[in-house]
Each structure stands twice: as C-alpha cells, then as structure tokens.
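S.K.: Got a structure for you, questions after.
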Amino acid sequence: MPKTIAEHPALADKFNQDEERVNWHDQTLWWVRAKRDKAAHTLPEWEELRNLASQIKHNVLANLSEYLIQFEENALKNGIQVHWAADAQEHNAIVKSILQKQGVSQLVKSKSMLTEECHLNEYLQQEGIEVIDTDLGERIVQLAEEPPSHIVLPCIHKKKEEIGELFHLHLGTPAGNADPDFLTAAARLHLREKFLTRKIAITGVNFAIAETGEFVVCTNEGNADMGAHLAEVHIACMGIEKLIPLRRHLGVFLRLLTRSATGQPITTYSSHFKKPRPGQEMHIVLVDNGRSRQLGRKDFRNSLKCIRCGACMNTCPVYRRSGGHSYHNAIAGPIGSILAPNLNMKDYADLPFASTLCGSCTNVCPVKIDIHDQLYKWRQVLVQEGYAPAAKKAAMQGMAFTFSHPAFYRMAGKTGKWFMKTTPFVINNNLNPWFKQRDMPEPPKESFHDWYKKNRQQNGHA
Amino acid sequence: MVMHSREKILDAVKRNQPENTSLPAIPFFEQPFTDLAQKFSEVVQAIGGEVHPVSSYAQINTILKEEFGNKTIFTSAKELTELVDTGITYANAHAFADLELAVVEAHLAVAENGAVWVTEDLLQERALPFIAQHLALIIHPENIVPTMHDAYAKIGTLDYGFATFIAGPSKTADIEQSLVLGAHGPKSLLVFLLTK
C-alpha cells in the first residue's frame, strides 16, 4: 500500500459514496458473523476453549525468547534454514537474497499478512521479481492493484461484475461473465500453470510449534500446499508471536480458528510442515518488526495473542460500514487499529478513534484480547503523545475551554440553541460531522441552567 | 548481520516479556454425540464430501470404476494398487498434473469436523492429495476420534516430514461469498469408511 497519511473518516466517506455497496458489505459480513455464532454454539466448551487459548498465548508471551530458541533449535534439526529479521526491510532483503541465490525472478505466494505488513510484493516488483498471489481473493485484488481489504476475505469489497471485468482484462474470460463458478474455474486454470512452473513458493504461517520445530499453514483452497509441494524452495514468513509451545495445543487453536473466522468446523487443509522433502530447500523467516516493542507495552501486549481469524472485523459496526481500505493498514478493523499505532503512532493515530467502543470485538475474540479496552487506552496514549487527529484535537480543546469557563459555557449554550432554532442551515450542513446521516434534534425551549434557576425560585429555596 | 538481528530480537523480547504464568492443562471435553462414524459422515457431507461405507477394497474398486471409468487413477494405498492399474510412472509430483483421481489411505479421522489425518509416508508425493482433480480417502471407522484434542493425543510426538488434516474438497468463497468447490485442489472428495 502506498504510504500516505490518510484519515479513516475521509476514506470511510469515499466508501460510503456507494450506499448499495455499503449495505451489501455490511450485511455480508454480518452473515459471516452469524455463521460464527452458530458454529461456536455447537460446542458446549466454547468459552472454556477461549480461556485456554488465551492462557496458552499468555504463557507464550511470557516465555517467548525461550520458545523462539527452542523452535529454532528443532527447526534446524529438521533441516529447515532459520532467518531472523528485525524489521520489514530486513525481512524483504532476506527473501530477496534467497531468490538471488537461486537465480529466480518469479514466484508464487499464498496468503501471508506479514508479507503485506512488510510490503514485500512492492519491494520485489521494484527489484524486477514477479510475485503471483495464489489465494483467489488475493489474486483478484492483485489484478486490481489494490491491497486486501480483509485478512480472511481479501476482496470482500468487490462485486462479482468487477471481478468478471478484471478477469476479462487479465485472463481473457468473456466480457460480461460474472458467474462465481465460471470465474473460479478460470482462476484455477490460470494459477495451476503458475504452480507447475514456479520454482519458489512463499507461504505464511498460522502456528509454529516450539516443541517440534514444525509450522502449520491453513487454507481452504489448497494454494499453500500446491505452491510449497511443487516448488524447489519453500520460504515461510512469520511474525515471532505465531509460536505455540506444544503440538497438542493445536487442538485448541484449530478448533477455534475457523469457527471464529467463517463458521466452518475447520479449514479444508491444516498442513504441518516439519522437514523439507528430499531435494527441497525450506526456509523460515522470523520477523520482529515492532512485536518486541508491543510486548513491552503492558496495556497492548495482549494484541500479540491474535490468531488472525477476522471475527472482530466481521462483527464491527464501523468496519462493516467503512470497508477495510479505510484503515490504510495491512490489518484492518479493530485488531488492526491496536496493532498499527505500535508500528507508527503518527501515521495511524486516527485508527483507535475508528470505533464506537461497543465491545463486540472483545466478545467474539477467540483468544480473549481486550480489544475495545485497548482502543480506548490507545486514544489516551495518542493524545498524550501529541498525535491526536487535528480535528479531534481542536474540538477537544474547544470543549475543555468551554467546560472550564462557566460564563462562556452558558453563552455557548444559548448561542447554539438560537442558531438551531432560527438558522438550522448553519448547523445542518456538511461542515458539522455529527449531522452526517443524522438529523439535529429539536432544540429545548430553555437550558437546564435556566430551568433549575426558575424552579429553585418557585420552590422558595432561592 | 543475521546473528546481530537474532541477538537484538531475543534481547528485546526477553527484556519485555511479562511475568510468567503456567500452561493450562487441557481437560477432557465430553461431546454431544456418541456415534463417531455417523457424526463424521454427517460433517463430511455438510462440507461437500461424499461418504461410502464399504467392506472390502474390491468394493472400493467397483465404486471407483463406476464413478471414474477409464480416467487416470493413482493410489498410494497398498492393498488397492493390485486392483487399480494406474499406468503412471513418475519422477516427481509434476507428473501428476493431469491426474484425475488420487486414492489415499489414512490412519486417523476426526468426527467433530470431518478432518482426515494424512501423513507423508502414505502419500508417496506430498502434492498427491492436492494436485489431483478428485480425491478419495480410505479410513477405518475404528480410527475415528471425537475431537481434535483426541487426534493430537493419538498423534503425540510422531515424527514426519509433512502431514495434513484434509476436510472436504478444496473450496473458496472469495467471489461475493458464493461457495465454489474446487479452488486449486480436488473438486470432489470421496471418503470410504472401510469396515473389515
């Protein structure tokens, strides 16, 4: 994604220009959220599983350095090459050096939000290397030259007609054909050729196991497996927080992940990569990129428990109506809004404010991250650090002045009422953000202050 | 430079780690179903698979002949290889690019989610169950466990190079949430429940 300092409200406005699409987006994600509820309710132990997952992840955060060393030791024993990247630049440079050693300039990549966070695709393109995203949704947004708008449903913001048009332009499908079955079949053929001809495959990692040095990749499409098993070199990129202590802990996380994400009982494929196949090279890149810093922030470290299911986005009333791109960050929605300010407070100061703090995100989170509390706490940190969005800062300073000057407060109240009564157009216009999608209320006949003064006198208490 | 980052990351992580808490014990969760084969079959069908209870490999062969006729079949199930003449010689996984059906035997399956556990030693090639146009899995009903916890209890610390849970045919819903079977992997899944 190009680095521009964009504010969530302005980008949400853009998304809201197409009301029909917003309604569709809203309803579709709510439908996914309802499927999550149905799946969760089939398990009597659901809440206990969430507690277990949260506790396991807490133990991971408390012992992360030890688990990382243990994982590395076991992965090396398994014949996997292990790399460490302090930040996004180093991650990208490591991937490039592996490609250069192979003399390869084309690769396939299955979904990895980490590589989105590191802007790997743009970096490799600038180096003259072709990256083909193989997850269908990711391939679609790649053809549209857009970033994914959702971590699980990358092109949820697109209508099938737009996808049909993209495929017509890039894959030669007949103009006007927008049938999902037909378009998926066309993508299958197009990507099969890539799987069979590319020598390097990059995948993400859902879970890495300290005990065994293996990692697990979950997909429904089978694209991670098609890429990895047909390539001579497999590069798996992961944030350091993806570790779990024991293999049997997968039982807890795999039961929660897809039920929370899409309402499925499990993904079609949960693939356990432990050793390269004979003749194959397997690499793991362990990436920090701010995670160790977030670990040190007491109020925000729980955000590192995230298993990237997307449930908080599907349930979020703001996300559903503003679209993933309005968050201008690789990870959108409530969880993205608490991860992003850690990467850059200035660029992402708007995101913790893109929430009603309704708490629905916290209620659905499978690892019990206190998401809405963290959003609230980030707001305070950002204001203290001087990164509050400009309009909010001016409004809050105005409010602080008004509330600390009683005479001015009374005058402001009277003036406001007079304007609402006599010249409503001064308030009911687009310069007043509150008025958007709302009608201003009828102004009261008298202020509480005047009413109180009058009534105290009437009751003889003056 | 690489060593430098490793130390830098581990130092920063160690410095910022919260106070330790112990790992929780995972309790036994009783499930609201008792007939494992029935629950497994229901879930497999719900996620787009087809289940055939059978009593012999010969019966499997008959069903495959009916459904796939003379199309290319490759099986890594030893007891089927004598029945199914694959006619495929291969040097690597790319040779399976046009394979119509792969038949794989599995050791373990999970009732709660219809997932079948397949390890590398049963595959010959890791790509086999993904690259074929259609997939058939053979599982013995006594090897079905209730939940993922039970599955990992059985798997234990087993050594393998690659292993995977397969639940249903390959699928996607990326285009307007319309479910389409056959994204990149098999378009259909047959599961044979083989009672000896």
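Order determines the names: the first chain of the structure tokens is A, the second B, and so forth; residues in each chain are numbered 1 upward, and ligands are numbered 1 upward as they are shown.
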Can you list, as a JSON list (two decimals) with all heavy atoms, in the first residue's frame, every protein, DNA or RNA residue that comes within 12 Å of Gly128 of chain A when you count only C-alpha atoms, leaving out same-chain residues fewer than 5 positions away?
M.R.:
```json
[["chain", "number", "residue", "atom", "x", "y", "z"],
["A", 96, "LYS", "N", 14.81, -11.65, -0.70],
["A", 96, "LYS", "CA", 15.49, -11.37, -1.97],
["A", 96, "LYS", "C", 16.79, -12.16, -2.10],
["A", 96, "LYS", "O", 17.11, -12.69, -3.16],
["A", 96, "LYS", "CB", 15.78, -9.87, -2.10],
["A", 96, "LYS", "CG", 16.19, -9.48, -3.52],
["A", 96, "LYS", "CD", 16.57, -8.02, -3.63],
["A", 96, "LYS", "CE", 18.08, -7.87, -3.58],
["A", 96, "LYS", "NZ", 18.51, -6.47, -3.75],
["A", 99, "LEU", "N", 16.14, -15.64, -3.19],
["A", 99, "LEU", "CA", 15.78, -15.67, -4.61],
["A", 99, "LEU", "C", 17.02, -15.51, -5.48],
["A", 99, "LEU", "O", 17.19, -16.21, -6.48],
["A", 99, "LEU", "CB", 14.80, -14.54, -4.93],
["A", 99, "LEU", "CG", 13.43, -14.60, -4.26],
["A", 99, "LEU", "CD1", 12.65, -13.30, -4.50],
["A", 99, "LEU", "CD2", 12.63, -15.77, -4.78],
["A", 100, "GLN", "N", 17.89, -14.58, -5.07],
["A", 100, "GLN", "CA", 19.10, -14.32, -5.86],
["A", 100, "GLN", "C", 20.00, -15.53, -5.92],
["A", 100, "GLN", "O", 20.55, -15.85, -6.97],
["A", 100, "GLN", "CB", 19.85, -13.13, -5.26],
["A", 100, "GLN", "CG", 19.36, -11.80, -5.81],
["A", 100, "GLN", "CD", 20.05, -10.62, -5.16],
["A", 100, "GLN", "OE1", 20.52, -10.72, -4.03],
["A", 100, "GLN", "NE2", 20.11, -9.50, -5.87],
["A", 104, "VAL", "N", 16.38, -16.87, -9.45],
["A", 104, "VAL", "CA", 14.98, -16.97, -9.86],
["A", 104, "VAL", "C", 14.31, -15.61, -9.76],
["A", 104, "VAL", "O", 14.57, -14.85, -8.83],
["A", 104, "VAL", "CB", 14.25, -18.00, -8.95],
["A", 104, "VAL", "CG1", 12.74, -17.89, -9.10],
["A", 104, "VAL", "CG2", 14.70, -19.41, -9.27],
["A", 105, "SER", "N", 13.47, -15.25, -10.74],
["A", 105, "SER", "CA", 12.82, -13.95, -10.70],
["A", 105, "SER", "C", 11.30, -14.05, -10.75],
["A", 105, "SER", "O", 10.59, -13.10, -11.05],
["A", 105, "SER", "CB", 13.32, -13.08, -11.86],
["A", 105, "SER", "OG", 12.98, -13.72, -13.08],
["A", 106, "GLN", "N", 10.78, -15.26, -10.47],
["A", 106, "GLN", "CA", 9.32, -15.45, -10.46],
["A", 106, "GLN", "C", 8.97, -16.34, -9.28],
["A", 106, "GLN", "O", 9.69, -17.30, -8.99],
["A", 106, "GLN", "CB", 8.86, -16.15, -11.73],
["A", 106, "GLN", "CG", 8.97, -15.32, -12.99],
["A", 106, "GLN", "CD", 8.51, -16.12, -14.19],
["A", 106, "GLN", "OE1", 8.87, -17.28, -14.35],
["A", 106, "GLN", "NE2", 7.71, -15.49, -15.04],
["A", 107, "LEU", "N", 7.86, -16.06, -8.62],
["A", 107, "LEU", "CA", 7.47, -16.93, -7.52],
["A", 107, "LEU", "C", 5.97, -16.89, -7.31],
["A", 107, "LEU", "O", 5.28, -15.98, -7.78],
["A", 107, "LEU", "CB", 8.20, -16.55, -6.23],
["A", 107, "LEU", "CG", 7.98, -15.14, -5.67],
["A", 107, "LEU", "CD1", 6.82, -15.12, -4.69],
["A", 107, "LEU", "CD2", 9.24, -14.67, -4.96],
["A", 121, "ASN", "N", 5.53, -7.50, -1.74],
["A", 121, "ASN", "CA", 5.23, -7.51, -3.17],
["A", 121, "ASN", "C", 5.80, -6.29, -3.90],
["A", 121, "ASN", "O", 6.44, -6.43, -4.93],
["A", 121, "ASN", "CB", 3.71, -7.56, -3.40],
["A", 121, "ASN", "CG", 3.14, -8.95, -3.17],
["A", 121, "ASN", "OD1", 3.78, -9.79, -2.53],
["A", 121, "ASN", "ND2", 1.95, -9.20, -3.68],
["A", 122, "GLU", "N", 5.55, -5.11, -3.33],
["A", 122, "GLU", "CA", 6.04, -3.86, -3.96],
["A", 122, "GLU", "C", 7.57, -3.90, -4.04],
["A", 122, "GLU", "O", 8.16, -3.53, -5.05],
["A", 122, "GLU", "CB", 5.61, -2.63, -3.16],
["A", 122, "GLU", "CG", 4.13, -2.35, -3.18],
["A", 122, "GLU", "CD", 3.40, -2.98, -2.00],
["A", 122, "GLU", "OE1", 3.70, -4.15, -1.67],
["A", 122, "GLU", "OE2", 2.53, -2.33, -1.42],
["A", 123, "TYR", "N", 8.18, -4.32, -2.94],
["A", 123, "TYR", "CA", 9.64, -4.37, -2.88],
["A", 123, "TYR", "C", 10.20, -5.30, -3.96],
["A", 123, "TYR", "O", 11.11, -4.93, -4.71],
["A", 123, "TYR", "CB", 10.08, -4.84, -1.48],
["A", 123, "TYR", "CG", 11.53, -5.21, -1.37],
["A", 123, "TYR", "CD1", 12.50, -4.22, -1.14],
["A", 123, "TYR", "CD2", 11.94, -6.53, -1.48],
["A", 123, "TYR", "CE1", 13.84, -4.56, -1.03],
["A", 123, "TYR", "CE2", 13.28, -6.87, -1.37],
["A", 123, "TYR", "CZ", 14.23, -5.89, -1.16],
["A", 123, "TYR", "OH", 15.55, -6.23, -1.05]]
```
S.K.: Any idea what's packed within 9 Å of segment 31-44 of chain B, counting only C-alpha atoms, ignoring anything in its chain fewer than 4 positions away? Could you give it as a tab-separated table (two decimals) with C-alpha atoms, in the first residue's frame?
M.R.:
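Saved file result.tsv follows:
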```
chain	number	residue	atom	x	y	z
A	42	THR	CA	-22.37	-26.20	18.72
A	43	LEU	CA	-19.50	-26.58	21.21
A	44	PRO	CA	-20.55	-26.58	24.88
A	265	PRO	CA	-15.61	-26.59	11.65
B	48	GLY	CA	-19.13	-31.07	0.45
B	49	GLY	CA	-17.74	-34.61	0.64
B	50	GLU	CA	-19.36	-37.95	-0.18
B	51	VAL	CA	-19.22	-40.93	2.20
B	52	HIS	CA	-19.40	-44.62	1.16
B	109	ALA	CA	-10.08	-39.04	11.27
B	110	VAL	CA	-11.97	-36.59	13.46
B	111	ALA	CA	-15.74	-36.77	13.98
B	112	GLU	CA	-16.35	-33.15	15.09
B	113	ASN	CA	-15.04	-31.56	11.88
B	114	GLY	CA	-14.72	-34.31	9.25
B	115	ALA	CA	-10.94	-33.89	9.05
B	141	PRO	CA	-14.24	-46.47	11.34
B	142	GLU	CA	-12.34	-47.63	14.44
B	144	ILE	CA	-12.28	-42.06	14.07
B	145	VAL	CA	-11.81	-39.99	17.22
B	146	PRO	CA	-14.30	-37.44	18.64
B	147	THR	CA	-12.29	-34.19	18.68
B	167	ALA	CA	-11.62	-31.79	5.49
B	168	GLY	CA	-13.72	-31.85	2.34
B	189	LEU	CA	-13.87	-35.76	-2.09
B	191	VAL	CA	-14.48	-40.93	1.76
B	193	LEU	CA	-15.45	-45.97	5.53
```
S.K.: For Pro180 of chain A, which residue among A:Gly137, A:Gly79, A:Gly290, A:Gly310 is the nearest when counting only C-alpha atoms?
M.R.: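 Among the listed residues, A:Gly137 lies closest to Pro180 of chain A.
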S.K.: Please determine, counting only C-alpha atoms, which residue among B:Asp98, B:Glu120, B:Glu19, B:Glu66 has the shortest atom-to-atom distance to chain A.
M.R.: B:Glu19
S.K.: If we count only C-alpha atoms, which residues of chain B reach to within 6 Å of chain A? Please list them as a ChimeraX atom specification.
M.R.: /B:5-6,10,12-14,16-21,23,113,127,148-149,152,161-168,170-172,174-175,180,183-185
S.K.: Can you work out the spacing between atom CA of Arg126 of chain B and atom CA of Ile139 of chain B in Å, to one decimal?
M.R.: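 Distance between the two atoms: 18.6 Å.
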S.K.: Under the rule that only C-alpha atoms are counted, which of B:Glu30, B:Ile131, B:Leu194, B:Ala93 is the nearest residue to Glu105 of chain B?
M.R.: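 The closest residue to Glu105 of chain B is B:Leu194.
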